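> I'd like to ask you about the structure that follows.
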Amino acid sequence: MKLARDTWLIFQRQLHLLLRNPVWVFVGVFQPVMYLLLFAPLLKPALNAPTQAEAYKIFVPGLLVLLAIFGGLFQGFGLIAELRAGVIERSRVTPVSRLALLLGRSLRDVVSLLAQAVIITLLALLFDLRVFIGDLLLAYLMLALIALMTSAVSYGVALKVKSEDALAPLMNTVAQPVLLLSGILLPLAFAPGWLQGVAKWNPFSWAVDGTRALFNGDISNDRVWQGLTIITVLAAAGVYWAARQFARSVR
Amino acid sequence: MIETRGLRKSFRSRAGRETKTVEAVRGVDLDVTAGEIFGFLGPNGAGKTTTLRMLATLIEPDGGQATIAGADLLKDPGEVRRRIGYVAQGGSTWDESTAREELVLQARLYGIGKAEAQRRAARALAAFQLTEFADRKCKTYSGGQRRRVEIALGIIHEPKIVFLDEPTTGLDPQSRAHMWDEIRRLRTDGMTVFITTHYLDEADALCDRIAIMDHGEVVAEGTPTDLKREISGDVVQVGLDLAATGEAEKLLDGEEYVNRLEVLEEGGLRLFVDEGATAIPRILRRIDGAGLDLKSIELHRPSLDDVFLTKTGRSLRES
Ligand SMILES: Nc1ncnc2c1ncn2[C@@H]1O[C@H](COP(=O)(O)OP(=O)(O)OP(=O)(O)O)[C@@H](O)[C@H]1O
Ligand SMILES: [Mg+2]
């Protein structure tokens with residue numbers, strides 16, 4: 001009860017601050033739309049897809065997972081600014097739940113990611129993408145869990161390193177292999193065997209496969225429940241670890 | 001209200017390849033009575049902030065114990081949090097929020113309902129003369145306005161004790177005087193106020209009792225008056241050139257009426273004597289007799305700086 005209330009308070013504040021800043025809102029909408037309009041047209045020939053709609057079925061889920069990963073991973077920067085301003089310390093002297101300090105922030109990130117996802121889906125519908133609503137909701141669940149995990153981890157790391165200078169290279173180093181080995185932009189079906197073998201160890205590759213299956217209307221594909229399970233476990237672990245960082249003493 | 005025994009904290013810091021241990025606080029015993037303004041006076045790095053952060057549950061002590069407003073610091077930090085307010089040295093407001101938003105949120109984080117939180121925020125804004133800027137972003141405030149918001153944030157839940165870490169640093173003299181009034185008002189409202197400062201006049205004028213801290217230890221504790229009375233006699237300050245200072249020191253050190261002598265960095269001497277009125281003519285004669293150029297001579301009652309000096313061998317002004 002207290003956890004829910006505290007989480008709601010933090011969530012509200014963070015969302016309010018985000019919406020107050022028109023630049024962020026603009027970037028958040030503009031970026032994915034650019035991907036869709038400027039990058040996607042290259043896909044049909046590149047993927048050898050029979051129709052544009054087929055190409056979108058492969059590309060849109062990948063783009064959404066990409067946004068979820070990156071949207072989350074770079075949230076730590078905002079937290080370092082808050083740390084520096086003393087806002088975190090001010091929260092930590094109150095009896096507020098430490099888990100809520102994390103969850104409120106991460107949920108804000110999840111909600112803004114989902115808003116982006118909805119915009120992209122709607123746009124893609126205009127380009128003849130077709131997907132069942134049930135499958136779509138399940139795909140959104142996957143995205144929400146990914147964003148929850150990456151943003152929690154980013155906050156946790158931010159609290160540990162406490163400086164942008166350390167966070168930026170760290171997050172880039174994590175993000176790069178994750179991205180390359182997940183088949184996000186192009187399906188790994190094109191990859192040589194060894195690359196596919198390595199990618200098996202990348203949880204996001206399972207998440208991407210699962211999300212693609214959902215967009216393909218293939219809900220019974222094993223990759224769906226496998227991806228969801230892997231990401232759920234990782235999200236729980238990430239949240240647990242990051243909440244402990246909020247509870248620990250930080251300067 | 002606050003009772004600490006043997007509170008300790010050391011930090012390990014890395015400088016290049018070496019790790020050094022800084023003993024920031026080494027065994028602090030304090031007794032703060034309800035309803036007083038208690039001051040923590042000490043130079044930079046004395047360990048004031050570290051002590052405060054331990055008492056505010058932000059860092060865990062390495063050793064020792066403390067009871068704060070009846071709650072045990074180590075066993076029940078949650079209860080301590082509910083009973084105290086804390087205003088950090090470095091500020092705590094977010095640039096993009098308004099004072100009103102910050103106050104309402106802070107009250108709500110303490111479990112206060114929305115309507116009540118709004119009422120309290122309005123009241124706090126009025127009390128700290130902030131109503132005019134209440135709905136402007138914090139980044140547009142002046143230093144003094146912002147400090148007032150921060151203090152209002154620290155007491156929005158009406159704690160029994162509030163810790164204020166250097167509440168007046170960086171304020172101009174007028175804002176400082178205002179801030180002193182605000183702090184006295186907190187005491188009138190029944191709060192126990194624990195402030196840190198490195199201003200002598202602030203400790204003297206504002207605090208009911210002070211503890212002087214140096215190198216992680218409390219070197220003296222008491223009311224400012226008592227502490228000053230401990231140093232019997234008067235202080236005579238003699239203004240001299242740097243060149244003449246050394247010679248005057250030789251002349252006067254060992255004179256039977258000089259209890260203690262201190263060389264000032266910018267030139268000149270400070271002499272602790274039993275009775276200034278009789279000592280001054282003798283000092284004058286000695287200096288004149290040696291043909292040294294005397295620039296000024298002042299007689300004053302011992303200050304807190306003199307207390308600090310006798311306890312640590314250093315002047316607080318210089319450290
Ligand atoms: N997180 C930390 N890591 C390493 N050393 C620290 C840390 N915090 C404080 N110290 C060291 O502990 C000592 C005491 O610091 P503290 O901040 O308590 O001093 P202070 O009395 O508040 O000084 P000031 O008047 O400058 O605010 C200093 O030597 C400081 O460098
Ligand atoms: Mg300090």
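Ligands are numbered from 1 in the order shown, chains are lettered A, B, ... in the order of the structure tokens, and residues start at 1 in each chain.
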Set the cut-off to 10 Å, count only C-alpha atoms and all ligand atoms, and list whatever residues fall near ligand 2 as a ChimeraX atom specification.

/B:42-53,88-90,165-166,196-198

> Mind listing as a VMD selection string which residues of chain A are within 10 Å of chain B, counting only C-alpha atoms?

chain A and resid 2 5 to 6 9 to 10 12 to 13 16 to 18 20 to 21 81 to 97 247 to 251

> I'd like the contact shell of region 287-292 of chain B - 8 Å cut-off, only C-alpha atoms, skipping same-chain residues fewer than 6 positions apart - returned as JSON, numbers by chain.

{"B": [244, 248, 251]}

> Figure out the distance between CA of Ala203 (chain B) and CA of Leu73 (chain B), please, to one decimal in Å.

26.3 Å

> Name all residues at most 9 Å from region 138-149 of chain A (count only C-alpha atoms; drop same-chain ones fewer than 5 positions away) and give them as a ChimeraX atom specification.

/A:61,64-65,67-73,103,106-107,109-111,113-114,117-118,133,154,204,207,210-212,214-215,224,227-228,231-232,234-239

> Keeping only N, CA and C atoms, take the residues you just selected and write them out as a short mmCIF file (atom, residue, chain, number, x, y, z; two decimals), in the first residue's frame.


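Output file again-v1.cif is given in full below:
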data_model
loop_
_atom_site.label_atom_id
_atom_site.label_comp_id
_atom_site.auth_asym_id
_atom_site.auth_seq_id
_atom_site.Cartn_x
_atom_site.Cartn_y
_atom_site.Cartn_z
N PRO A 61 8.97 -4.47 -34.95
CA PRO A 61 9.28 -5.02 -33.63
C PRO A 61 10.73 -4.78 -33.23
N LEU A 64 11.10 -1.25 -32.05
CA LEU A 64 10.49 -1.05 -30.73
C LEU A 64 11.40 -1.57 -29.62
N VAL A 65 11.98 -2.75 -29.84
CA VAL A 65 12.89 -3.30 -28.83
C VAL A 65 14.10 -2.39 -28.68
N LEU A 67 14.24 0.82 -29.14
CA LEU A 67 13.85 2.00 -28.36
C LEU A 67 13.74 1.66 -26.88
N ALA A 68 13.22 0.47 -26.60
CA ALA A 68 13.05 0.08 -25.20
C ALA A 68 14.42 -0.04 -24.53
N ILE A 69 15.38 -0.64 -25.23
CA ILE A 69 16.71 -0.81 -24.64
C ILE A 69 17.36 0.54 -24.42
N PHE A 70 17.37 1.35 -25.48
CA PHE A 70 18.11 2.61 -25.37
C PHE A 70 17.38 3.63 -24.51
N GLY A 71 16.07 3.66 -24.65
CA GLY A 71 15.29 4.56 -23.81
C GLY A 71 15.62 4.32 -22.35
N GLY A 72 15.76 3.05 -21.99
CA GLY A 72 16.06 2.72 -20.59
C GLY A 72 17.49 3.01 -20.21
N LEU A 73 18.41 2.54 -21.04
CA LEU A 73 19.82 2.56 -20.64
C LEU A 73 20.36 3.95 -20.34
N LEU A 103 11.15 2.50 -8.58
CA LEU A 103 10.01 2.10 -9.41
C LEU A 103 9.29 3.30 -10.01
N SER A 106 11.38 4.34 -12.93
CA SER A 106 11.39 3.37 -14.02
C SER A 106 10.03 3.28 -14.70
N LEU A 107 8.97 3.40 -13.91
CA LEU A 107 7.63 3.34 -14.51
C LEU A 107 7.39 4.53 -15.44
N ASP A 109 9.64 5.81 -17.22
CA ASP A 109 10.35 5.46 -18.45
C ASP A 109 9.55 4.45 -19.26
N VAL A 110 8.92 3.50 -18.56
CA VAL A 110 8.11 2.51 -19.24
C VAL A 110 6.94 3.18 -19.96
N VAL A 111 6.30 4.09 -19.25
CA VAL A 111 5.14 4.75 -19.84
C VAL A 111 5.54 5.58 -21.06
N LEU A 113 8.04 5.06 -22.99
CA LEU A 113 8.39 4.12 -24.06
C LEU A 113 7.12 3.58 -24.73
N LEU A 114 6.13 3.23 -23.90
CA LEU A 114 4.90 2.69 -24.47
C LEU A 114 4.19 3.73 -25.33
N ALA A 117 5.83 3.63 -28.52
CA ALA A 117 5.47 2.39 -29.21
C ALA A 117 4.11 2.51 -29.88
N VAL A 118 3.18 3.14 -29.18
CA VAL A 118 1.83 3.28 -29.75
C VAL A 118 1.87 4.17 -30.99
N ILE A 133 -4.73 -7.52 -31.94
CA ILE A 133 -4.62 -6.67 -30.76
C ILE A 133 -4.06 -7.45 -29.56
N SER A 154 20.24 1.07 -15.43
CA SER A 154 20.90 2.35 -15.66
C SER A 154 20.89 3.20 -14.39
N PHE A 204 18.41 -10.26 -25.21
CA PHE A 204 17.60 -9.40 -26.07
C PHE A 204 17.32 -10.05 -27.41
N ALA A 207 14.27 -11.79 -26.87
CA ALA A 207 13.15 -10.85 -26.77
C ALA A 207 12.74 -10.36 -28.16
N GLY A 210 10.90 -13.13 -29.96
CA GLY A 210 9.55 -13.26 -29.42
C GLY A 210 8.64 -12.15 -29.92
N THR A 211 9.16 -10.93 -29.91
CA THR A 211 8.35 -9.80 -30.35
C THR A 211 8.01 -9.93 -31.84
N ARG A 212 8.99 -10.37 -32.62
CA ARG A 212 8.73 -10.55 -34.06
C ARG A 212 7.65 -11.59 -34.28
N LEU A 214 5.26 -12.34 -32.32
CA LEU A 214 3.97 -11.76 -31.97
C LEU A 214 3.45 -10.87 -33.09
N PHE A 215 4.30 -10.08 -33.67
CA PHE A 215 3.87 -9.23 -34.78
C PHE A 215 3.48 -10.06 -35.99
N VAL A 224 8.12 -16.79 -27.88
CA VAL A 224 7.30 -15.81 -27.18
C VAL A 224 7.39 -16.01 -25.68
N GLY A 227 11.10 -15.71 -24.47
CA GLY A 227 11.55 -14.31 -24.38
C GLY A 227 10.94 -13.61 -23.18
N LEU A 228 9.62 -13.79 -23.01
CA LEU A 228 8.95 -13.14 -21.89
C LEU A 228 9.53 -13.60 -20.56
N ILE A 231 13.12 -12.15 -19.99
CA ILE A 231 13.10 -10.72 -19.70
C ILE A 231 12.46 -10.44 -18.34
N THR A 232 11.44 -11.21 -17.97
CA THR A 232 10.81 -11.01 -16.66
C THR A 232 11.81 -11.28 -15.55
N LEU A 234 15.07 -11.20 -15.71
CA LEU A 234 16.11 -10.17 -15.71
C LEU A 234 15.60 -8.85 -15.16
N ALA A 235 14.36 -8.50 -15.51
CA ALA A 235 13.79 -7.25 -15.01
C ALA A 235 13.68 -7.30 -13.49
N ALA A 236 13.22 -8.43 -12.96
CA ALA A 236 13.09 -8.55 -11.51
C ALA A 236 14.46 -8.42 -10.85
N ALA A 237 15.45 -9.08 -11.43
CA ALA A 237 16.80 -9.00 -10.85
C ALA A 237 17.33 -7.57 -10.92
N GLY A 238 17.11 -6.91 -12.07
CA GLY A 238 17.58 -5.53 -12.23
C GLY A 238 16.93 -4.61 -11.23
N VAL A 239 15.62 -4.75 -11.05
CA VAL A 239 14.91 -3.89 -10.11
C VAL A 239 15.39 -4.13 -8.69
#

> Could you tell me how far CA of Phe190 (chain A) sits from CA of Leu38 (chain A), in Å to one decimal place?

22.6 Å

> Per DSSP on the backbone, what are the strand (DSSP E or B) residues of region 9-241 of chain B, as a count of residues only?

71

> Can you tell me which residues surround Glu230 (chain B) at a distance of at most 12 Å, considering only C-alpha atoms, apart from same-chain residues fewer than 3 positions away, and format the answer as a compact mmCIF listing (two decimals) with all heavy atoms, in the first residue's frame?


# COMPACT_ATOMS: atom_id res chain seq x y z
N ALA B 220 35.62 21.18 22.50
CA ALA B 220 35.03 21.97 23.57
C ALA B 220 33.53 21.99 23.39
O ALA B 220 33.03 21.91 22.27
CB ALA B 220 35.57 23.39 23.55
N GLU B 221 32.80 22.08 24.49
CA GLU B 221 31.36 22.12 24.39
C GLU B 221 30.80 22.98 25.52
O GLU B 221 31.30 22.92 26.64
CB GLU B 221 30.79 20.69 24.50
CG GLU B 221 29.32 20.62 24.17
CD GLU B 221 28.73 19.24 24.44
OE1 GLU B 221 29.49 18.27 24.39
OE2 GLU B 221 27.53 19.17 24.69
N GLY B 222 29.81 23.77 25.23
CA GLY B 222 29.21 24.60 26.27
C GLY B 222 28.49 25.78 25.66
O GLY B 222 28.38 25.88 24.44
N THR B 223 27.99 26.68 26.51
CA THR B 223 27.39 27.89 25.96
C THR B 223 28.54 28.79 25.51
O THR B 223 29.63 28.72 26.07
CB THR B 223 26.57 28.65 27.02
OG1 THR B 223 27.47 29.16 28.00
CG2 THR B 223 25.56 27.73 27.68
N PRO B 224 28.30 29.63 24.52
CA PRO B 224 29.38 30.51 24.06
C PRO B 224 29.96 31.32 25.23
O PRO B 224 31.17 31.48 25.33
CB PRO B 224 28.68 31.41 23.04
CG PRO B 224 27.55 30.59 22.52
CD PRO B 224 27.10 29.75 23.68
N THR B 225 29.09 31.80 26.10
CA THR B 225 29.56 32.61 27.23
C THR B 225 30.48 31.80 28.13
O THR B 225 31.56 32.26 28.52
CB THR B 225 28.35 33.11 28.06
OG1 THR B 225 27.30 33.43 27.16
CG2 THR B 225 28.73 34.30 28.89
N ASP B 226 30.06 30.59 28.47
CA ASP B 226 30.88 29.76 29.35
C ASP B 226 32.23 29.45 28.72
O ASP B 226 33.26 29.48 29.38
CB ASP B 226 30.17 28.44 29.66
CG ASP B 226 29.06 28.64 30.68
OD1 ASP B 226 29.05 29.73 31.30
OD2 ASP B 226 28.23 27.73 30.86
N LEU B 227 32.18 29.14 27.45
CA LEU B 227 33.42 28.78 26.77
C LEU B 227 34.40 29.94 26.80
O LEU B 227 35.60 29.77 27.02
CB LEU B 227 33.14 28.36 25.32
CG LEU B 227 32.51 26.98 25.17
CD1 LEU B 227 32.11 26.75 23.72
CD2 LEU B 227 33.47 25.89 25.62
N GLY B 233 40.76 36.37 31.70
CA GLY B 233 41.55 37.51 31.27
C GLY B 233 41.11 38.13 29.96
O GLY B 233 40.00 37.90 29.48
N ASP B 234 42.01 38.93 29.39
CA ASP B 234 41.72 39.69 28.18
C ASP B 234 42.67 39.29 27.07
O ASP B 234 43.66 38.62 27.28
CB ASP B 234 41.90 41.18 28.45
CG ASP B 234 40.91 41.69 29.48
OD1 ASP B 234 39.77 41.19 29.47
OD2 ASP B 234 41.29 42.56 30.29
N ARG B 301 37.68 41.30 24.77
CA ARG B 301 37.32 40.11 25.56
C ARG B 301 37.57 38.89 24.67
O ARG B 301 37.50 38.99 23.46
CB ARG B 301 35.84 40.17 25.95
CG ARG B 301 35.46 41.38 26.81
CD ARG B 301 35.90 41.22 28.26
NE ARG B 301 35.49 39.91 28.80
CZ ARG B 301 36.25 39.20 29.64
NH1 ARG B 301 37.42 39.63 30.01
NH2 ARG B 301 35.81 38.05 30.09
N PRO B 302 37.86 37.77 25.25
CA PRO B 302 38.12 36.59 24.42
C PRO B 302 36.92 36.26 23.54
O PRO B 302 35.78 36.39 23.96
CB PRO B 302 38.34 35.48 25.44
CG PRO B 302 38.66 36.16 26.71
CD PRO B 302 37.98 37.49 26.68
N SER B 303 37.21 35.87 22.31
CA SER B 303 36.14 35.47 21.38
C SER B 303 36.16 33.96 21.27
O SER B 303 37.04 33.29 21.80
CB SER B 303 36.41 36.09 20.02
OG SER B 303 37.56 35.49 19.47
N LEU B 304 35.21 33.44 20.52
CA LEU B 304 35.19 31.99 20.30
C LEU B 304 36.43 31.54 19.55
O LEU B 304 36.90 30.43 19.69
CB LEU B 304 33.94 31.58 19.53
CG LEU B 304 32.66 31.52 20.37
CD1 LEU B 304 31.48 31.16 19.49
CD2 LEU B 304 32.79 30.53 21.51
N ASP B 306 39.35 32.70 20.09
CA ASP B 306 40.38 32.51 21.11
C ASP B 306 40.18 31.17 21.82
O ASP B 306 41.14 30.50 22.19
CB ASP B 306 40.34 33.66 22.11
CG ASP B 306 40.58 35.00 21.43
OD1 ASP B 306 41.50 35.06 20.59
OD2 ASP B 306 39.84 35.95 21.70
N VAL B 307 38.92 30.78 21.98
CA VAL B 307 38.64 29.47 22.56
C VAL B 307 39.20 28.39 21.66
O VAL B 307 39.91 27.48 22.09
CB VAL B 307 37.12 29.25 22.74
CG1 VAL B 307 36.84 27.85 23.27
CG2 VAL B 307 36.52 30.31 23.65
N PHE B 308 38.91 28.53 20.39
CA PHE B 308 39.38 27.55 19.41
C PHE B 308 40.91 27.49 19.44
O PHE B 308 41.51 26.41 19.45
CB PHE B 308 38.88 27.93 18.02
CG PHE B 308 39.14 26.90 16.98
CD1 PHE B 308 38.32 25.80 16.86
CD2 PHE B 308 40.23 27.00 16.13
CE1 PHE B 308 38.56 24.83 15.91
CE2 PHE B 308 40.48 26.04 15.18
CZ PHE B 308 39.65 24.95 15.07
N THR B 310 42.99 28.26 21.89
CA THR B 310 43.58 27.62 23.07
C THR B 310 43.37 26.11 23.05
O THR B 310 44.17 25.37 23.59
CB THR B 310 42.99 28.19 24.38
OG1 THR B 310 41.58 28.20 24.27
CG2 THR B 310 43.48 29.59 24.64
N LYS B 311 42.28 25.66 22.38
CA LYS B 311 42.03 24.22 22.36
C LYS B 311 42.84 23.49 21.30
O LYS B 311 43.17 22.33 21.44
CB LYS B 311 40.55 23.93 22.11
CG LYS B 311 39.62 24.49 23.16
CD LYS B 311 39.64 23.66 24.41
CE LYS B 311 38.68 24.28 25.44
NZ LYS B 311 38.79 23.63 26.75

> With DSSP run on the backbone, what are the helix (DSSP H, G or I) residues within region 20-240 of chain A? I'd like them as a ChimeraX atom specification.

/A:20,22-47,52-73,76-85,87-92,98-126,133-161,164-180,188-190,193-199,203-215,222-240

> Which polymer residues have any atom within 8 Å of an atom of Ile80 (chain A), counting only C-alpha atoms, with same-chain residues fewer than 3 positions away left out, as a list in words?

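My list of contacting residues is Gly76, Phe77, Leu83, Arg84, Ala158, Leu159, Lys162, Ser163 and Glu164 of chain A.
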